[in-house]
$ cat upload_13.cif   # mmCIF, C-alpha atoms
data_input
loop_
_atom_site.label_atom_id
_atom_site.label_comp_id
_atom_site.auth_asym_id
_atom_site.auth_seq_id
_atom_site.Cartn_x
_atom_site.Cartn_y
_atom_site.Cartn_z
CA MET W 1 -10.73 -29.51 -45.02
CA GLY W 2 -12.24 -29.42 -48.51
CA TRP W 3 -10.33 -32.57 -49.36
CA ILE W 4 -11.96 -34.44 -46.49
CA GLY W 5 -15.37 -33.22 -47.61
CA GLU W 6 -14.69 -34.48 -51.12
CA THR W 7 -13.55 -37.87 -49.80
CA VAL W 8 -16.70 -38.30 -47.71
CA ASP W 9 -18.84 -37.29 -50.68
CA SER W 10 -17.16 -39.75 -53.00
CA ILE W 11 -17.52 -42.58 -50.47
CA LYS W 12 -21.23 -41.79 -50.16
CA SER W 13 -21.72 -41.80 -53.92
CA ILE W 14 -20.22 -45.24 -54.60
CA LYS W 15 -22.54 -47.55 -56.44
CA ILE W 16 -22.53 -51.24 -55.70
CA ARG W 17 -21.62 -52.32 -59.24
CA GLN W 18 -18.72 -49.95 -59.41
CA LEU W 19 -17.52 -51.18 -56.04
CA LEU W 20 -17.69 -54.79 -57.14
CA THR W 21 -15.76 -53.99 -60.33
CA GLN W 22 -13.09 -52.31 -58.33
CA ALA W 23 -12.92 -55.23 -55.92
CA VAL W 24 -12.53 -57.67 -58.80
CA THR W 25 -9.81 -55.51 -60.37
CA LEU W 26 -7.98 -55.39 -57.07
CA GLY W 27 -8.33 -59.15 -56.74
CA MET W 28 -6.93 -59.61 -60.24
CA ILE W 29 -3.90 -57.46 -59.43
CA VAL W 30 -3.19 -59.36 -56.23
CA THR W 31 -3.65 -62.70 -57.96
CA SER W 32 -1.35 -61.76 -60.84
CA ALA W 33 1.31 -60.74 -58.35
CA LEU W 34 0.92 -64.09 -56.63
CA ILE W 35 1.14 -65.96 -59.95
CA ILE W 36 4.31 -64.11 -60.88
CA TRP W 37 5.82 -64.90 -57.48
CA LYS W 38 5.00 -68.59 -57.71
CA ALA W 39 6.31 -68.76 -61.28
CA LEU W 40 9.55 -67.17 -60.11
CA MET W 41 9.78 -69.82 -57.41
CA CYS W 42 9.45 -72.52 -60.08
CA VAL W 43 11.97 -70.98 -62.45
CA THR W 44 14.64 -70.34 -59.86
CA GLY W 45 14.09 -73.59 -57.97
CA THR W 46 14.04 -71.99 -54.56
CA GLU W 47 11.36 -71.00 -52.10
CA SER W 48 12.52 -67.43 -51.90
CA PRO W 49 13.81 -66.17 -55.21
CA VAL W 50 14.62 -62.76 -53.76
CA VAL W 51 16.08 -61.97 -50.33
CA VAL W 52 17.06 -58.75 -48.60
CA VAL W 53 20.50 -58.48 -47.00
CA LEU W 54 19.94 -57.75 -43.31
CA SER W 55 23.42 -57.67 -41.76
CA GLY W 56 26.78 -56.21 -42.59
CA SER W 57 28.64 -59.48 -42.59
CA MET W 58 29.23 -59.46 -46.35
CA GLU W 59 30.43 -55.86 -46.66
CA PRO W 60 31.65 -54.15 -48.68
CA GLY W 61 30.13 -56.32 -51.38
CA PHE W 62 26.62 -56.55 -49.97
CA GLN W 63 25.35 -53.80 -47.74
CA ARG W 64 22.30 -53.89 -45.54
CA GLY W 65 19.30 -53.13 -47.71
CA ASP W 66 20.52 -54.70 -50.93
CA ILE W 67 18.50 -57.43 -52.56
CA LEU W 68 19.85 -60.69 -53.91
CA PHE W 69 18.40 -62.89 -56.63
CA LEU W 70 18.70 -66.55 -55.81
CA ARG W 71 18.76 -69.70 -57.85
CA MET W 72 19.00 -73.30 -56.79
CA THR W 73 20.13 -76.05 -59.13
CA LYS W 74 20.88 -79.72 -58.60
CA GLU W 75 24.60 -79.09 -58.94
CA PRO W 76 26.57 -79.51 -55.74
CA ILE W 77 27.73 -76.51 -53.77
CA ARG W 78 31.31 -75.43 -54.42
CA THR W 79 33.59 -73.04 -52.56
CA GLY W 80 33.18 -69.39 -53.39
CA GLU W 81 29.48 -69.61 -53.99
CA ILE W 82 27.39 -67.22 -51.98
CA VAL W 83 24.71 -69.30 -50.34
CA VAL W 84 21.61 -68.40 -48.38
CA PHE W 85 20.86 -70.84 -45.61
CA ASN W 86 18.63 -71.41 -42.63
CA ILE W 87 19.83 -72.75 -39.32
CA ASP W 88 17.48 -75.23 -37.63
CA GLY W 89 15.49 -73.35 -35.08
CA ARG W 90 16.06 -69.90 -36.56
CA ASP W 91 13.86 -68.30 -39.15
CA ILE W 92 16.09 -65.56 -40.49
CA PRO W 93 18.13 -66.74 -43.48
CA ILE W 94 21.83 -65.95 -43.55
CA VAL W 95 23.79 -64.96 -46.65
CA HIS W 96 27.44 -66.03 -46.51
CA ARG W 97 30.10 -67.55 -48.72
CA ALA W 98 31.09 -71.24 -48.76
CA ILE W 99 34.76 -71.56 -47.86
CA GLU W 100 35.07 -75.30 -47.42
CA VAL W 101 33.34 -78.18 -49.22
CA HIS W 102 33.68 -81.93 -48.80
CA GLU W 103 31.72 -84.15 -51.18
CA ARG W 104 31.12 -87.77 -50.18
CA LYS W 105 31.95 -90.38 -52.75
CA THR W 106 29.20 -92.77 -51.72
CA THR W 107 26.22 -90.49 -51.35
CA GLY W 108 27.16 -87.33 -53.22
CA GLU W 109 26.18 -85.37 -50.12
CA VAL W 110 28.26 -82.29 -49.44
CA ASP W 111 29.48 -80.86 -46.14
CA VAL W 112 29.76 -77.08 -46.39
CA LEU W 113 31.41 -74.55 -44.10
CA THR W 114 30.53 -70.89 -44.59
CA LYS W 115 31.89 -67.53 -43.54
CA GLY W 116 30.83 -63.96 -44.05
CA ASP W 117 33.35 -61.92 -46.05
CA ASN W 118 33.45 -59.24 -43.38
CA ASN W 119 33.67 -61.65 -40.44
CA ASP W 120 36.94 -62.80 -38.95
CA VAL W 121 35.80 -66.29 -38.06
CA ASP W 122 33.81 -68.91 -39.90
CA ASP W 123 30.18 -69.66 -39.12
CA ILE W 124 30.65 -72.63 -36.76
CA GLY W 125 29.42 -70.39 -33.96
CA LEU W 126 26.21 -69.70 -35.87
CA TYR W 127 25.31 -73.29 -36.57
CA ALA W 128 23.14 -75.29 -34.18
CA ASP W 129 24.84 -76.93 -31.19
CA GLY W 130 27.02 -79.79 -32.29
CA GLN W 131 26.57 -78.99 -35.96
CA MET W 132 29.87 -78.78 -37.84
CA TRP W 133 28.69 -78.55 -41.43
CA LEU W 134 25.84 -77.30 -43.52
CA HIS W 135 24.04 -79.75 -45.76
CA ARG W 136 21.98 -79.30 -48.86
CA HIS W 137 18.67 -79.17 -47.03
CA HIS W 138 19.83 -76.16 -45.03
CA ILE W 139 20.63 -74.19 -48.16
CA MET W 140 17.88 -72.23 -49.84
CA GLY W 141 19.76 -70.99 -52.86
CA ARG W 142 22.84 -69.46 -54.40
CA ALA W 143 23.05 -65.73 -55.04
CA VAL W 144 23.39 -65.00 -58.75
CA GLY W 145 22.42 -61.36 -59.04
CA PHE W 146 22.18 -58.25 -56.98
CA LEU W 147 20.45 -54.88 -56.84
CA PRO W 148 21.60 -52.22 -54.39
CA TYR W 149 19.39 -50.26 -51.97
CA VAL W 150 16.05 -51.65 -53.17
CA GLY W 151 15.62 -53.76 -50.04
CA TRP W 152 15.40 -50.78 -47.71
CA VAL W 153 11.66 -50.64 -48.37
CA THR W 154 11.26 -54.11 -46.87
CA ILE W 155 13.55 -53.37 -43.94
CA ILE W 156 11.68 -50.19 -43.05
CA MET W 157 8.35 -51.95 -43.29
CA THR W 158 9.52 -54.81 -41.09
CA GLU W 159 11.16 -52.72 -38.43
CA LYS W 160 8.52 -50.03 -38.23
CA PRO W 161 5.26 -51.83 -38.98
CA ILE W 162 3.30 -48.61 -38.52
CA ILE W 163 4.62 -47.50 -41.90
CA LYS W 164 3.22 -50.66 -43.47
CA TYR W 165 -0.23 -49.86 -42.08
CA ILE W 166 -0.06 -46.25 -43.19
CA LEU W 167 0.98 -47.29 -46.70
CA ILE W 168 -1.75 -49.91 -47.08
CA GLY W 169 -4.32 -47.55 -45.60
CA ALA W 170 -3.33 -44.80 -48.03
CA LEU W 171 -3.42 -47.17 -51.01
CA GLY W 172 -6.80 -48.48 -49.95
CA LEU W 173 -8.15 -44.95 -49.68
CA LEU W 174 -6.76 -44.11 -53.11
CA VAL W 175 -8.47 -47.14 -54.65
CA ILE W 176 -11.80 -46.40 -53.04
CA THR W 177 -11.87 -42.74 -53.92
CA SER W 178 -10.61 -43.01 -57.48
CA LYS W 179 -13.18 -42.05 -60.01
CA ASP W 180 -12.62 -44.94 -62.38
CA MET G 181 -7.00 -37.89 -64.92
CA HIS G 182 -4.82 -34.86 -64.57
CA SER G 183 -4.61 -34.52 -60.83
CA PHE G 184 -1.32 -34.28 -59.03
CA GLY G 185 -1.76 -37.78 -57.65
CA TYR G 186 -2.12 -39.42 -61.05
CA ARG G 187 0.76 -37.50 -62.52
CA ALA G 188 3.02 -38.36 -59.63
CA ASN G 189 2.03 -42.00 -59.88
CA ALA G 190 2.69 -42.17 -63.61
CA LEU G 191 6.01 -40.38 -63.23
CA LEU G 192 7.16 -42.65 -60.43
CA THR G 193 6.18 -45.81 -62.28
CA PHE G 194 7.97 -44.66 -65.39
CA ALA G 195 11.08 -43.69 -63.44
CA VAL G 196 11.24 -47.04 -61.68
CA THR G 197 10.78 -48.92 -64.94
CA ILE G 198 13.54 -46.96 -66.64
CA LEU G 199 15.83 -47.51 -63.66
CA ALA G 200 15.25 -51.23 -63.75
CA PHE G 201 15.92 -51.23 -67.48
CA ILE G 202 19.20 -49.35 -67.05
CA CYS G 203 20.33 -51.77 -64.35
CA ALA G 204 19.57 -54.69 -66.64
CA ILE G 205 21.52 -53.15 -69.51
CA ALA G 206 24.47 -52.33 -67.26
CA SER G 207 24.58 -55.93 -66.16
CA PHE G 208 24.21 -57.18 -69.73
CA SER G 209 27.17 -55.08 -70.85
CA ASP G 210 29.37 -57.14 -68.54
CA ASN G 211 29.05 -60.02 -70.97
CA PHE G 212 31.10 -58.15 -73.53
CA SER G 213 34.21 -57.56 -71.48
CA ASN G 214 37.36 -59.43 -72.50
CA GLN G 215 38.74 -61.18 -69.50
CA ALA G 216 42.29 -62.49 -69.42
CA PRO G 217 43.42 -62.91 -65.84
CA SER G 218 46.61 -64.69 -64.91
CA ALA G 219 47.96 -66.14 -61.71
CA GLN G 220 50.80 -68.14 -60.24
CA ILE G 221 51.15 -69.77 -56.87
CA GLN G 222 54.33 -71.08 -55.38
CA ILE G 223 54.51 -73.00 -52.13
CA LEU G 224 57.54 -71.68 -50.34
CA ASN G 225 57.44 -73.85 -47.27
CA ILE G 226 55.42 -76.42 -45.41
CA ASN G 227 55.56 -74.90 -41.94
CA TRP G 228 54.17 -77.90 -40.14
CA PHE G 229 52.08 -80.96 -40.88
CA GLN G 230 50.47 -82.86 -38.04
CA LYS G 231 47.67 -85.10 -36.99
CA GLN G 232 45.53 -83.21 -34.52
CA PRO G 233 44.09 -84.68 -31.30
CA HIS G 234 40.68 -85.01 -32.96
CA GLY G 235 42.24 -87.29 -35.60
CA ASN G 236 42.28 -84.95 -38.56
CA ASP G 237 45.37 -83.91 -40.48
CA GLU G 238 46.32 -80.27 -40.49
CA VAL G 239 48.87 -78.43 -42.63
CA SER G 240 50.29 -74.97 -42.38
CA LEU G 241 52.04 -73.66 -45.46
CA THR G 242 53.53 -70.43 -46.74
CA MET G 243 52.62 -69.44 -50.28
CA ASN G 244 53.71 -66.86 -52.76
CA ILE G 245 50.69 -65.70 -54.76
CA THR G 246 51.08 -63.58 -57.87
CA ALA G 247 48.06 -62.55 -59.87
CA ASP G 248 46.88 -60.03 -62.42
CA LEU G 249 43.12 -59.70 -62.23
CA GLN G 250 42.87 -56.22 -63.72
CA SER G 251 41.04 -57.35 -66.84
CA LEU G 252 38.12 -58.54 -64.73
CA PHE G 253 37.12 -55.03 -63.77
CA THR G 254 34.42 -53.33 -65.83
CA TRP G 255 32.64 -50.06 -65.21
CA ASN G 256 29.91 -52.07 -63.50
CA THR G 257 32.25 -53.78 -61.03
CA LYS G 258 32.03 -52.99 -57.34
CA GLN G 259 34.70 -55.39 -56.14
CA VAL G 260 36.39 -58.67 -56.98
CA PHE G 261 36.57 -61.33 -54.28
CA ALA G 262 39.56 -63.59 -54.88
CA PHE G 263 40.45 -66.70 -52.93
CA VAL G 264 42.84 -69.63 -53.15
CA ALA G 265 41.50 -73.10 -52.41
CA ALA G 266 43.31 -76.39 -52.11
CA GLU G 267 41.43 -79.14 -53.94
CA TYR G 268 42.08 -82.84 -53.57
CA GLU G 269 40.44 -86.22 -53.53
CA THR G 270 40.43 -88.77 -50.72
CA SER G 271 39.15 -92.31 -50.38
CA LYS G 272 35.96 -91.14 -48.71
CA ASN G 273 35.37 -87.90 -50.58
CA THR G 274 35.33 -87.30 -54.32
CA LEU G 275 36.16 -83.66 -53.80
CA ASN G 276 37.52 -81.59 -50.95
CA GLN G 277 37.89 -77.86 -51.35
CA VAL G 278 39.50 -75.92 -48.52
CA SER G 279 39.87 -72.18 -48.79
CA LEU G 280 43.33 -71.08 -47.67
CA TRP G 281 43.34 -67.36 -48.33
CA ASP G 282 41.02 -64.73 -49.62
CA ALA G 283 41.06 -61.02 -50.36
CA ILE G 284 38.66 -58.32 -51.38
CA ILE G 285 39.94 -56.21 -54.26
CA PRO G 286 37.94 -53.01 -54.43
CA GLU G 287 39.70 -51.32 -57.33
CA LYS G 288 41.39 -52.17 -60.58
CA GLU G 289 44.74 -50.74 -59.44
CA GLU G 290 44.91 -53.21 -56.59
CA ALA G 291 44.20 -56.21 -58.80
CA ASN G 292 47.78 -56.71 -59.92
CA PHE G 293 49.40 -58.06 -56.80
CA TRP G 294 52.09 -60.21 -55.27
CA ILE G 295 51.73 -61.51 -51.75
CA GLN G 296 53.67 -63.88 -49.56
CA ILE G 297 51.54 -65.26 -46.80
CA SER G 298 50.85 -68.33 -44.72
CA ASN G 299 47.37 -69.77 -44.97
CA LYS G 300 44.73 -67.47 -43.54
CA TYR G 301 42.34 -70.32 -42.85
CA ARG G 302 43.23 -73.66 -41.36
CA PHE G 303 43.82 -76.46 -43.81
CA ILE G 304 42.20 -79.38 -41.99
CA ASP G 305 41.19 -82.63 -43.63
CA GLN G 306 38.19 -84.79 -42.78
CA GLY G 307 40.38 -87.64 -41.63
CA HIS G 308 44.08 -88.30 -41.95
CA ASN G 309 44.56 -88.69 -45.68
CA LEU G 310 46.97 -85.89 -46.43
CA ARG G 311 50.35 -87.62 -46.31
CA GLY G 312 51.85 -87.67 -49.78
CA LYS G 313 48.67 -86.18 -51.18
CA ASP G 314 48.68 -84.53 -54.60
CA PHE G 315 46.52 -81.46 -54.70
CA ASN G 316 45.58 -78.53 -56.90
CA LEU G 317 45.68 -74.92 -55.86
CA THR G 318 42.91 -73.01 -57.53
CA LEU G 319 42.59 -69.26 -57.62
CA HIS G 320 38.88 -68.45 -57.75
CA TRP G 321 37.43 -65.03 -58.30
CA HIS G 322 33.96 -63.67 -57.86
CA VAL G 323 33.12 -60.43 -59.63
CA MET G 324 30.51 -58.54 -57.63
CA PRO G 325 28.82 -55.91 -59.78
CA LYS G 326 27.37 -52.54 -58.90
CA THR G 327 24.11 -54.00 -60.14
CA GLY G 328 23.07 -57.23 -61.79
CA LYS G 329 24.56 -60.63 -62.46
CA MET G 330 27.61 -61.88 -60.59
CA PHE G 331 30.34 -63.78 -62.41
CA ALA G 332 32.74 -66.34 -61.05
CA ASP G 333 35.56 -68.32 -62.59
CA LYS G 334 38.88 -69.88 -61.64
CA ILE G 335 42.39 -70.86 -62.67
CA VAL G 336 43.46 -74.35 -61.66
CA MET G 337 47.12 -74.92 -60.90
CA SER G 338 48.10 -78.49 -60.33
CA GLY G 339 51.22 -80.35 -59.39
CA TYR G 340 51.47 -79.64 -55.69
CA ARG G 341 52.21 -82.41 -53.25
CA LEU G 342 52.24 -82.71 -49.50
CA PRO G 343 55.14 -84.47 -47.77
CA ASN G 344 54.91 -88.16 -47.09
CA ALA G 345 55.48 -87.87 -43.36
CA TYR G 346 54.35 -85.57 -40.59
CA ARG G 347 56.76 -82.89 -39.52
#

$ encode --input "upload_13.cif" --output "structure tokens"
Amino acid sequence: MGWIGETVDSIKSIKIRQLLTQAVTLGMIVTSALIIWKALMCVTGTESPVVVVLSGSMEPGFQRGDILFLRMTKEPIRTGEIVVFNIDGRDIPIVHRAIEVHERKTTGEVDVLTKGDNNDVDDIGLYADGQMWLHRHHIMGRAVGFLPYVGWVTIIMTEKPIIKYILIGALGLLVITSKD
Amino acid sequence: MHSFGYRANALLTFAVTILAFICAIASFSDNFSNQAPSAQIQILNINWFQKQPHGNDEVSLTMNITADLQSLFTWNTKQVFAFVAAEYETSKNTLNQVSLWDAIIPEKEEANFWIQISNKYRFIDQGHNLRGKDFNLTLHWHVMPKTGKMFADKIVMSGYRLPNAYR
């Protein structure tokens, strides 16, 4: 109970200038994070430089909760590359491996067929109705690096949003009640 | 400045930074491994070769694949994904790559292998260009690390040719 008393006291004793300084500091931290994120997007050439693996279709290489670093270059997709793609009409990106590639002579466009390592069949069933191949505009990036387990934080926060609110609330309280 | 909260925060930040640093170094050490894999593929038999109702050629073949990929494994390797792809050119496409077989090799001991198998995935062309076609069989591998950068490379074996007539 003493802790609550202290918190209430410290909230009462906040001066306006100190509050503004803290707000500006917080704004600077958020803005720097945003700048770093946007710079990463530029450097890697893709809209999402980091993705979390959500399904078990690439096991045992990628487990649910791992994170993948993506990069997108102008070079055409080749078989064996692990690509992250979006199907029209669905918003969750899928991480699978390209198993078949056909590159057109005239346009340089590539038709790509993908399959998850742990799946028995290729991804034709996942594509939109009538779609037989993936094209470059479906593909968000190629996976070039990998970190295990780090993505669980994101999965937990997405699937149990209450934890997100608790975390942000606790951080906010910590910022407000800190003495500097 | 010396409360439990601050100390825990500092400790956690330091621990995470060190962990990230160790992961980066582990991945960097992969650059120093000497890799000398070898492979050989023999086509034992063309089982059948037909034009399907939808107009595309399809081949079924039996291959004998021998490979030694043990030198690809480092202490930071989780698994090696190996696959064989047929690569060829047609009048419409500069490059066609069709994966015929793949395998996940989880340990170094299993990386020296010999397997006789018919193609795991269907070898279907976009069109009917496969009669008498010269093609390469390429063994690709993808080294998936415990943490960090993934490496991929291949061995190209050329000189394979499909029969001139359907059978």

$ resolve_selection --input "upload_13.cif" --expression "the PyMOL selection byres ((chain G) within 6 of (chain W))" --output "number ranges by chain"
G: 272-279, 327-330

$ atom_distance --input "upload_13.cif" --atom1 "atom CA of W:Tyr127" --atom2 "atom CA of W:Arg97"
14.3 Å

$ residues_around --input "upload_13.cif" --residues "G:Val323" --least-positions-apart "6" --cutoff "12 Å" --atoms "only C-alpha atoms" --output "VMD selection string"
(chain W and resid 61 80 to 82 144 to 146) or (chain G and resid 207 210 215 249 to 263 284 to 288 291 329 to 334)

$ atom_distance --input "upload_13.cif" --atom1 "atom CA of G:Pro343" --atom2 "atom CA of G:Arg311"
5.9 Å

$ residues_around --input "upload_13.cif" --residues "W:Arg64" --least-positions-apart "2" --cutoff "9 Å" --atoms "all atoms listed in the file" --output "PyMOL selection string"
chain W and resi 52-59+62+66-67+149+151-152+155

$ closest_residue --input "upload_13.cif" --among "W:Ile139, W:Ile168, W:Val95, W:Leu34" --to "W:Pro76" --atoms "all atoms listed in the file"
W:Ile139

$ closest_residue --input "upload_13.cif" --among "W:Ile87, W:Glu6, W:Leu19, W:Gln63" --to "G:Lys326" --atoms "all atoms listed in the file"
W:Gln63

$ residues_around --input "upload_13.cif" --residues "G:Ile295" --least-positions-apart "2" --cutoff "12 Å" --atoms "all atoms listed in the file" --output "PyMOL selection string"
chain G and resi 219-224+242-248+281-283+290-293+297-299

$ residues_near_point --input "upload_13.cif" --point "(51.7, -78.5, -40.5)" --cutoff "12 Å" --atoms "only C-alpha atoms" --output "ChimeraX atom specification"
/G:225-232,236-242,298-299,302-305,310-311,342-343,345-347

$ write_last_selection --input "upload_13.cif" --atoms "C-alpha atoms" --output "PDB file, in the frame of the given file"
ATOM      1  CA  ASN G 225      57.440 -73.850 -47.270  1.00  0.00           C
ATOM      2  CA  ILE G 226      55.420 -76.420 -45.410  1.00  0.00           C
ATOM      3  CA  ASN G 227      55.560 -74.900 -41.940  1.00  0.00           C
ATOM      4  CA  TRP G 228      54.170 -77.900 -40.140  1.00  0.00           C
ATOM      5  CA  PHE G 229      52.080 -80.960 -40.880  1.00  0.00           C
ATOM      6  CA  GLN G 230      50.470 -82.860 -38.040  1.00  0.00           C
ATOM      7  CA  LYS G 231      47.670 -85.100 -36.990  1.00  0.00           C
ATOM      8  CA  GLN G 232      45.530 -83.210 -34.520  1.00  0.00           C
ATOM      9  CA  ASN G 236      42.280 -84.950 -38.560  1.00  0.00           C
ATOM     10  CA  ASP G 237      45.370 -83.910 -40.480  1.00  0.00           C
ATOM     11  CA  GLU G 238      46.320 -80.270 -40.490  1.00  0.00           C
ATOM     12  CA  VAL G 239      48.870 -78.430 -42.630  1.00  0.00           C
ATOM     13  CA  SER G 240      50.290 -74.970 -42.380  1.00  0.00           C
ATOM     14  CA  LEU G 241      52.040 -73.660 -45.460  1.00  0.00           C
ATOM     15  CA  THR G 242      53.530 -70.430 -46.740  1.00  0.00           C
ATOM     16  CA  SER G 298      50.850 -68.330 -44.720  1.00  0.00           C
ATOM     17  CA  ASN G 299      47.370 -69.770 -44.970  1.00  0.00           C
ATOM     18  CA  ARG G 302      43.230 -73.660 -41.360  1.00  0.00           C
ATOM     19  CA  PHE G 303      43.820 -76.460 -43.810  1.00  0.00           C
ATOM     20  CA  ILE G 304      42.200 -79.380 -41.990  1.00  0.00           C
ATOM     21  CA  ASP G 305      41.190 -82.630 -43.630  1.00  0.00           C
ATOM     22  CA  LEU G 310      46.970 -85.890 -46.430  1.00  0.00           C
ATOM     23  CA  ARG G 311      50.350 -87.620 -46.310  1.00  0.00           C
ATOM     24  CA  LEU G 342      52.240 -82.710 -49.500  1.00  0.00           C
ATOM     25  CA  PRO G 343      55.140 -84.470 -47.770  1.00  0.00           C
ATOM     26  CA  ALA G 345      55.480 -87.870 -43.360  1.00  0.00           C
ATOM     27  CA  TYR G 346      54.350 -85.570 -40.590  1.00  0.00           C
ATOM     28  CA  ARG G 347      56.760 -82.890 -39.520  1.00  0.00           C
TER      29      ARG G 347
END

$ build_atoms --input "upload_13.cif" --residues "stretch 68-84 of chain W" --atoms "N, CA and C atoms" --output "mmCIF file, in the frame of the given file"
data_model
loop_
_atom_site.group_PDB
_atom_site.id
_atom_site.type_symbol
_atom_site.label_atom_id
_atom_site.label_comp_id
_atom_site.auth_asym_id
_atom_site.auth_seq_id
_atom_site.Cartn_x
_atom_site.Cartn_y
_atom_site.Cartn_z
ATOM 1 N N LEU W 68 19.128 -59.661 -53.184
ATOM 2 C CA LEU W 68 19.850 -60.690 -53.910
ATOM 3 C C LEU W 68 18.867 -61.579 -54.637
ATOM 4 N N PHE W 69 19.207 -61.938 -55.881
ATOM 5 C CA PHE W 69 18.400 -62.890 -56.630
ATOM 6 C C PHE W 69 19.010 -64.268 -56.457
ATOM 7 N N LEU W 70 18.180 -65.225 -56.101
ATOM 8 C CA LEU W 70 18.700 -66.550 -55.810
ATOM 9 C C LEU W 70 18.295 -67.552 -56.870
ATOM 10 N N ARG W 71 19.099 -68.590 -56.970
ATOM 11 C CA ARG W 71 18.760 -69.700 -57.850
ATOM 12 C C ARG W 71 19.267 -70.959 -57.204
ATOM 13 N N MET W 72 18.533 -72.037 -57.360
ATOM 14 C CA MET W 72 19.000 -73.300 -56.790
ATOM 15 C C MET W 72 18.969 -74.361 -57.865
ATOM 16 N N THR W 73 20.113 -74.971 -58.153
ATOM 17 C CA THR W 73 20.130 -76.050 -59.130
ATOM 18 C C THR W 73 20.576 -77.324 -58.440
ATOM 19 N N LYS W 74 20.514 -78.444 -59.197
ATOM 20 C CA LYS W 74 20.880 -79.720 -58.600
ATOM 21 C C LYS W 74 22.386 -79.838 -58.404
ATOM 22 N N GLU W 75 23.152 -78.960 -59.028
ATOM 23 C CA GLU W 75 24.600 -79.090 -58.940
ATOM 24 C C GLU W 75 25.074 -78.898 -57.508
ATOM 25 N N PRO W 76 26.118 -79.620 -57.131
ATOM 26 C CA PRO W 76 26.570 -79.510 -55.740
ATOM 27 C C PRO W 76 27.197 -78.145 -55.464
ATOM 28 N N ILE W 77 27.159 -77.789 -54.194
ATOM 29 C CA ILE W 77 27.730 -76.510 -53.770
ATOM 30 C C ILE W 77 29.236 -76.570 -53.893
ATOM 31 N N ARG W 78 29.849 -75.491 -54.338
ATOM 32 C CA ARG W 78 31.310 -75.430 -54.420
ATOM 33 C C ARG W 78 31.794 -74.208 -53.670
ATOM 34 N N THR W 79 33.079 -74.192 -53.309
ATOM 35 C CA THR W 79 33.590 -73.040 -52.560
ATOM 36 C C THR W 79 33.481 -71.781 -53.408
ATOM 37 N N GLY W 80 33.277 -70.672 -52.712
ATOM 38 C CA GLY W 80 33.180 -69.390 -53.390
ATOM 39 C C GLY W 80 31.757 -68.985 -53.680
ATOM 40 N N GLU W 81 30.868 -69.965 -53.698
ATOM 41 C CA GLU W 81 29.480 -69.610 -53.990
ATOM 42 C C GLU W 81 28.875 -68.936 -52.773
ATOM 43 N N ILE W 82 28.066 -67.921 -53.069
ATOM 44 C CA ILE W 82 27.390 -67.220 -51.980
ATOM 45 C C ILE W 82 26.058 -67.910 -51.760
ATOM 46 N N VAL W 83 25.902 -68.505 -50.590
ATOM 47 C CA VAL W 83 24.710 -69.300 -50.340
ATOM 48 C C VAL W 83 23.857 -68.652 -49.268
ATOM 49 N N VAL W 84 22.559 -68.875 -49.377
ATOM 50 C CA VAL W 84 21.610 -68.400 -48.380
ATOM 51 C C VAL W 84 21.087 -69.618 -47.646
#
